[in-house]
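Content type PDB, C-alpha atoms, from the file query25.pdb:
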ATOM      1  CA  MET A 177    -193.290 140.294  38.568
ATOM      2  CA  PRO A 178    -193.212 140.463  42.371
ATOM      3  CA  ARG A 179    -191.111 138.002  44.344
ATOM      4  CA  ASP A 180    -192.863 134.813  45.436
ATOM      5  CA  LEU A 181    -192.418 134.567  49.213
ATOM      6  CA  ARG A 182    -194.204 131.259  49.783
ATOM      7  CA  LEU A 183    -191.063 129.125  50.090
ATOM      8  CA  SER A 184    -189.337 131.334  52.634
ATOM      9  CA  ARG A 185    -192.580 131.830  54.561
ATOM     10  CA  MET A 186    -193.318 128.114  54.756
ATOM     11  CA  LEU A 187    -189.748 127.287  55.804
ATOM     12  CA  HIS A 188    -190.096 129.930  58.521
ATOM     13  CA  VAL A 189    -193.355 128.393  59.737
ATOM     14  CA  LEU A 190    -191.951 124.843  59.743
ATOM     15  CA  ILE A 191    -189.025 125.874  61.928
ATOM     16  CA  HIS A 192    -191.348 127.642  64.367
ATOM     17  CA  LEU A 193    -193.599 124.574  64.513
ATOM     18  CA  ASP A 194    -190.602 122.432  65.357
ATOM     19  CA  ARG A 195    -188.728 124.706  67.729
ATOM     20  CA  HIS A 196    -191.312 126.957  69.395
ATOM     21  CA  VAL A 197    -194.866 125.643  69.227
ATOM     22  CA  GLU A 198    -196.127 122.139  68.671
ATOM     23  CA  ARG A 199    -199.318 123.280  66.973
ATOM     24  CA  ALA A 200    -200.490 126.600  65.539
ATOM     25  CA  THR A 201    -203.770 127.780  64.069
ATOM     26  CA  SER A 202    -204.079 129.415  60.680
ATOM     27  CA  ASP A 203    -204.829 132.698  62.474
ATOM     28  CA  GLN A 204    -201.612 132.478  64.492
ATOM     29  CA  ILE A 205    -199.549 131.667  61.416
ATOM     30  CA  ALA A 206    -201.239 134.438  59.421
ATOM     31  CA  GLY A 207    -200.264 136.941  62.104
ATOM     32  CA  MET A 208    -196.695 135.724  62.062
ATOM     33  CA  ILE A 209    -196.220 136.007  58.293
ATOM     34  CA  SER A 210    -198.477 139.043  57.816
ATOM     35  CA  THR A 211    -201.108 137.505  55.597
ATOM     36  CA  ASN A 212    -204.687 136.249  55.686
ATOM     37  CA  PRO A 213    -205.636 132.909  57.340
ATOM     38  CA  VAL A 214    -207.248 131.797  54.061
ATOM     39  CA  VAL A 215    -203.913 132.298  52.286
ATOM     40  CA  VAL A 216    -202.204 130.327  55.069
ATOM     41  CA  ARG A 217    -204.630 127.418  54.701
ATOM     42  CA  ARG A 218    -204.086 127.377  50.936
ATOM     43  CA  MET A 219    -200.284 127.291  51.320
ATOM     44  CA  MET A 220    -200.354 124.789  54.163
ATOM     45  CA  ALA A 221    -202.689 122.432  52.268
ATOM     46  CA  GLY A 222    -199.895 121.564  49.843
ATOM     47  CA  LEU A 223    -197.626 120.683  52.762
ATOM     48  CA  ARG A 224    -200.382 118.522  54.233
ATOM     49  CA  ASP A 225    -200.871 116.782  50.870
ATOM     50  CA  LYS A 226    -197.128 115.959  50.805
ATOM     51  CA  ALA A 227    -197.269 114.570  54.379
ATOM     52  CA  ILE A 228    -195.096 117.366  55.767
ATOM     53  CA  LEU A 229    -197.882 118.706  58.006
ATOM     54  CA  ILE A 230    -201.040 117.393  59.563
ATOM     55  CA  SER A 231    -204.029 119.503  60.481
ATOM     56  CA  GLU A 232    -206.820 119.145  62.954
ATOM     57  CA  LYS A 233    -210.026 121.167  62.817
ATOM     58  CA  GLY A 234    -211.987 122.575  65.695
ATOM     59  CA  HIS A 235    -211.176 123.765  69.196
ATOM     60  CA  GLY A 236    -207.595 122.874  70.067
ATOM     61  CA  GLY A 237    -206.853 122.102  66.431
ATOM     62  CA  GLY A 238    -204.272 123.569  64.137
ATOM     63  CA  TRP A 239    -201.242 122.669  62.069
ATOM     64  CA  GLN A 240    -198.341 120.528  63.233
ATOM     65  CA  LEU A 241    -195.400 118.691  61.740
ATOM     66  CA  ALA A 242    -195.997 115.184  60.406
ATOM     67  CA  ARG A 243    -192.295 114.324  60.309
ATOM     68  CA  PRO A 244    -189.025 115.674  61.673
ATOM     69  CA  LEU A 245    -187.319 118.607  59.958
ATOM     70  CA  SER A 246    -184.374 116.335  59.144
ATOM     71  CA  ALA A 247    -186.726 114.332  56.886
ATOM     72  CA  ILE A 248    -187.945 117.411  54.957
ATOM     73  CA  SER A 249    -185.818 118.918  52.193
ATOM     74  CA  LEU A 250    -186.109 122.365  50.684
ATOM     75  CA  LEU A 251    -187.142 120.564  47.494
ATOM     76  CA  ASP A 252    -190.018 118.871  49.361
ATOM     77  CA  VAL A 253    -191.324 122.246  50.518
ATOM     78  CA  TYR A 254    -190.761 123.870  47.111
ATOM     79  CA  GLU A 255    -192.787 121.137  45.406
ATOM     80  CA  ALA A 256    -195.486 121.260  48.097
ATOM     81  CA  ILE A 257    -196.125 124.955  47.441
ATOM     82  CA  GLY A 258    -196.611 124.272  43.740
ATOM     83  CA  SER A 259    -193.078 124.627  42.282
ATOM     84  CA  PRO A 260    -193.294 128.358  41.544
ATOM     85  CA  PRO A 261    -190.914 129.918  39.001
ATOM     86  CA  LEU A 262    -187.422 130.146  40.435
ATOM     87  CA  PHE A 263    -186.221 133.079  38.353
ATOM     88  CA  ASN A 264    -187.727 136.332  37.227
ATOM     89  CA  ILE A 265    -185.577 136.724  34.114
ATOM     90  CA  GLY A 266    -185.392 135.005  30.758
ATOM     91  CA  PRO A 267    -186.757 135.098  27.241
ATOM     92  CA  GLY A 268    -190.013 136.789  26.361
ATOM     93  CA  ALA A 269    -193.272 134.881  26.309
ATOM     94  CA  GLU A 270    -193.964 135.550  22.643
ATOM     95  CA  PRO A 271    -191.904 133.793  19.932
ATOM     96  CA  ALA A 272    -189.476 136.179  18.285
ATOM     97  CA  ASP A 273    -189.216 136.955  14.563
ATOM     98  CA  CYS A 274    -185.822 138.627  14.918
ATOM     99  CA  LEU A 275    -182.863 136.246  14.523
ATOM    100  CA  VAL A 276    -180.863 138.125  17.166
ATOM    101  CA  GLU A 277    -183.708 137.794  19.650
ATOM    102  CA  LYS A 278    -184.080 134.098  18.763
ATOM    103  CA  ALA A 279    -180.375 133.523  19.465
ATOM    104  CA  VAL A 280    -180.561 135.445  22.754
ATOM    105  CA  ASP A 281    -183.747 133.657  23.846
ATOM    106  CA  ALA A 282    -182.356 130.216  23.005
ATOM    107  CA  ARG A 283    -179.161 130.777  24.990
ATOM    108  CA  LEU A 284    -181.011 132.336  27.933
ATOM    109  CA  ASP A 285    -183.495 129.477  27.995
ATOM    110  CA  LEU A 286    -180.701 126.898  27.998
ATOM    111  CA  ALA A 287    -178.796 128.683  30.762
ATOM    112  CA  MET A 288    -181.927 129.129  32.885
ATOM    113  CA  LYS A 289    -182.880 125.446  32.580
ATOM    114  CA  GLU A 290    -179.357 124.428  33.649
ATOM    115  CA  ALA A 291    -179.416 126.857  36.582
ATOM    116  CA  GLU A 292    -182.835 125.570  37.657
ATOM    117  CA  ARG A 293    -181.669 121.947  37.478
ATOM    118  CA  LYS A 294    -178.636 122.741  39.658
ATOM    119  CA  LEU A 295    -180.674 124.766  42.146
ATOM    120  CA  LEU A 296    -183.304 122.048  42.554
ATOM    121  CA  LEU A 297    -180.560 119.469  43.063
ATOM    122  CA  ARG A 298    -179.095 121.685  45.792
ATOM    123  CA  PHE A 299    -182.575 122.104  47.346
ATOM    124  CA  SER A 300    -182.776 118.292  47.592
ATOM    125  CA  GLU A 301    -179.523 118.248  49.583
ATOM    126  CA  ILE A 302    -180.571 120.792  52.227
ATOM    127  CA  SER A 303    -182.924 119.767  55.015
ATOM    128  CA  VAL A 304    -185.137 122.158  56.920
ATOM    129  CA  GLU A 305    -183.223 120.934  59.984
ATOM    130  CA  ASP A 306    -180.081 122.486  58.447
ATOM    131  CA  LEU A 307    -181.884 125.841  58.404
ATOM    132  CA  ALA A 308    -183.143 125.345  61.961
ATOM    133  CA  GLN A 309    -179.607 124.694  63.175
ATOM    134  CA  ASP A 310    -178.437 127.871  61.450
ATOM    135  CA  PHE A 311    -181.213 129.719  63.304
ATOM    136  CA  GLU A 312    -180.047 128.249  66.616
ATOM    137  CA  GLN A 313    -176.478 129.401  66.002
ATOM    138  CA  ARG A 314    -177.670 132.908  65.150
ATOM    139  CA  PHE A 315    -179.943 132.969  68.201
ATOM    140  CA  ALA A 316    -177.126 131.879  70.512
ATOM    141  CA  ALA A 317    -174.837 134.558  69.067
ATOM    142  CA  LEU A 318    -177.552 137.204  69.520
ATOM    143  CA  GLN A 319    -178.032 136.148  73.146
ATOM    144  CA  VAL A 320    -174.320 136.646  73.751
ATOM    145  CA  GLU A 321    -174.096 139.945  71.847
ATOM    146  CA  ALA A 322    -177.353 141.658  72.740
ATOM    147  CA  GLY A 323    -178.660 139.823  75.753
ATOM    148  CA  GLU A 324    -181.348 137.243  76.252
ATOM    149  CA  ASP A 325    -184.259 139.735  76.373
ATOM    150  CA  ARG A 326    -183.531 141.106  72.889
ATOM    151  CA  ALA A 327    -182.972 137.630  71.491
ATOM    152  CA  ASN A 328    -186.273 136.377  72.918
ATOM    153  CA  ALA A 329    -188.067 139.445  71.532
ATOM    154  CA  ALA A 330    -187.130 138.206  68.060
ATOM    155  CA  LEU A 331    -189.214 135.069  68.660
ATOM    156  CA  LYS A 332    -192.548 136.669  69.584
ATOM    157  CA  HIS A 333    -194.338 135.602  66.385
ATOM    158  CA  PHE A 334    -196.523 133.078  68.187
ATOM    159  CA  GLY A 335    -196.529 134.874  71.512
ATOM    160  CA  THR A 336    -193.996 132.433  72.923
ATOM    161  CA  ASP A 337    -190.732 133.029  74.692
ATOM    162  CA  GLY A 338    -188.820 130.913  72.224
TER     163      GLY A 338
END

Could you write out this structure as structure tokens?
Amino acid sequence: MPRDLRLSRMLHVLIHLDRHVERATSDQIAGMISTNPVVVRRMMAGLRDKAILISEKGHGGGWQLARPLSAISLLDVYEAIGSPPLFNIGPGAEPADCLVEKAVDARLDLAMKEAERKLLLRFSEISVEDLAQDFEQRFAALQVEAGEDRANAALKHFGTDG
């Protein structure tokens, strides 16, 4: 099963919408995250339904934040994209006849449910603003280490200078 990139992609987009552009079209976002605008609209619709984003159609329209990043948790975004599976391991889909496999599956299932509960609790404690501040620290360090031109080049997703 391939990795589901929706959570990281949407967090990325939210930070850009807050820090670099006030509003972006589906085409602009699609270019930034290397996907199709239809896929962007589908992902963004869940964030709109959860009042994380607002959208406006037509000329001058696009997507923008409905609330500050400090009021959006990772859990909010995770739920808005449909709560995809968190882990790509665990028991098989078919019930087992073998007692060894049953024992393994039962213990794996229990451990995975506990891990998921803890991870979702942690997601609820982290705001998207926390991630944005981490970005700002990394950006400032890159400006010092590599120079402002190289640091700004890392922000060209929307054709902005940062």

Using the chain letters and numbering of this document, enumerate as a CSV table (one decimal) with C-alpha atoms, keeping the file's coordinate frame the residues selected by the PyMOL selection byres ((chain A and resi 237) around 12).
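The resulting file, out10.csv, is shown below:
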chain,number,residue,atom,x,y,z
A,198,GLU,CA,-196.1,122.1,68.7
A,199,ARG,CA,-199.3,123.3,67.0
A,200,ALA,CA,-200.5,126.6,65.5
A,201,THR,CA,-203.8,127.8,64.1
A,202,SER,CA,-204.1,129.4,60.7
A,203,ASP,CA,-204.8,132.7,62.5
A,204,GLN,CA,-201.6,132.5,64.5
A,230,ILE,CA,-201.0,117.4,59.6
A,231,SER,CA,-204.0,119.5,60.5
A,232,GLU,CA,-206.8,119.1,63.0
A,233,LYS,CA,-210.0,121.2,62.8
A,234,GLY,CA,-212.0,122.6,65.7
A,235,HIS,CA,-211.2,123.8,69.2
A,236,GLY,CA,-207.6,122.9,70.1
A,238,GLY,CA,-204.3,123.6,64.1
A,239,TRP,CA,-201.2,122.7,62.1
A,240,GLN,CA,-198.3,120.5,63.2

With a distance cut-off of 8 Å and only C-alpha atoms, select the neighbouring residues of stretch 218-223 of chain A, excluding the residue or stretch itself and same-chain residues fewer than 4 positions from it, and output the selection as a ChimeraX atom specification. /A:182,186,214,227-229,253,256-258

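Atom CA of A:Ser300 is found 4.9 Å from atom CA of A:Leu251.
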
Can you tell me how far atom CA of A:Ile248 sits from atom CA of A:Ser303, in Å to one decimal?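 That distance, rounded to one decimal, is 5.5 Å.
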
Take atom CA of A:Gln309 and atom CA of A:Val215 and report the distance between them in Å, one decimal.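 These two atoms are separated by 27.7 Å.
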
Of the candidates A:Leu307, A:Leu241, A:Leu262, A:Val197, which one gets nearest to A:Lys226 if we count all atoms listed in the file? A:Leu241

Expected axis-aligned box over every listed atom of stretch 250-269 of chain A, 3 Å added per side, centre plus edges in Å to one decimal, as AutoDock Vina command-line options:
--center_x -191.0 --center_y 127.8 --center_z 38.5 --size_x 17.2 --size_y 23.9 --size_z 30.4

Using all atoms listed in the file for the distances, tell me which of A:Leu318, A:Leu286, A:Val189, A:Ala291 is nearest to A:Val304.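 Closest candidate: A:Val189.
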
Pick from A:Gln313, A:Asn212, A:Asn264, A:Asn328: nearest to A:Asp180, with only C-alpha atoms counted?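 Answer, going by the shortest atom-to-atom distance: A:Asn264.
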
From (-183.2, 128.2, 30.7), in the file's coordinates, out to 12 Å: which residues are reached, counting only C-alpha atoms? Answer as a tab-separated table (two decimals) with C-alpha atoms, in the frame of the given file.
chain	number	residue	atom	x	y	z
A	261	PRO	CA	-190.91	129.92	39.00
A	262	LEU	CA	-187.42	130.15	40.44
A	263	PHE	CA	-186.22	133.08	38.35
A	264	ASN	CA	-187.73	136.33	37.23
A	265	ILE	CA	-185.58	136.72	34.11
A	266	GLY	CA	-185.39	135.00	30.76
A	267	PRO	CA	-186.76	135.10	27.24
A	268	GLY	CA	-190.01	136.79	26.36
A	280	VAL	CA	-180.56	135.44	22.75
A	281	ASP	CA	-183.75	133.66	23.85
A	282	ALA	CA	-182.36	130.22	23.00
A	283	ARG	CA	-179.16	130.78	24.99
A	284	LEU	CA	-181.01	132.34	27.93
A	285	ASP	CA	-183.50	129.48	28.00
A	286	LEU	CA	-180.70	126.90	28.00
A	287	ALA	CA	-178.80	128.68	30.76
A	288	MET	CA	-181.93	129.13	32.88
A	289	LYS	CA	-182.88	125.45	32.58
A	290	GLU	CA	-179.36	124.43	33.65
A	291	ALA	CA	-179.42	126.86	36.58
A	292	GLU	CA	-182.84	125.57	37.66
A	293	ARG	CA	-181.67	121.95	37.48
A	294	LYS	CA	-178.64	122.74	39.66

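Put simply, the PyMOL selection byres ((chain A and resi 209) around 10) on this file hits Leu181, Arg182, Arg185, Met186, His188, Val189, Gln204, Ile205, Ala206, Gly207, Met208, Ser210, Thr211, Asn212, Pro213, Val216 and His333 of chain A.
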
Using only C-alpha atoms for the distances, tell me which of A:His192, A:Arg224, A:Arg217, A:Arg179 is nearest to A:Asp252.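 Nearest candidate to A:Asp252 out of A:His192, A:Arg224, A:Arg217, A:Arg179: A:Arg224.
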
Residue nearest A:Ala242 among A:Leu296, A:Ala316, A:Leu193, A:Ile302 (counting only C-alpha atoms):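 Closest to A:Ala242 of all the choices is A:Leu193.
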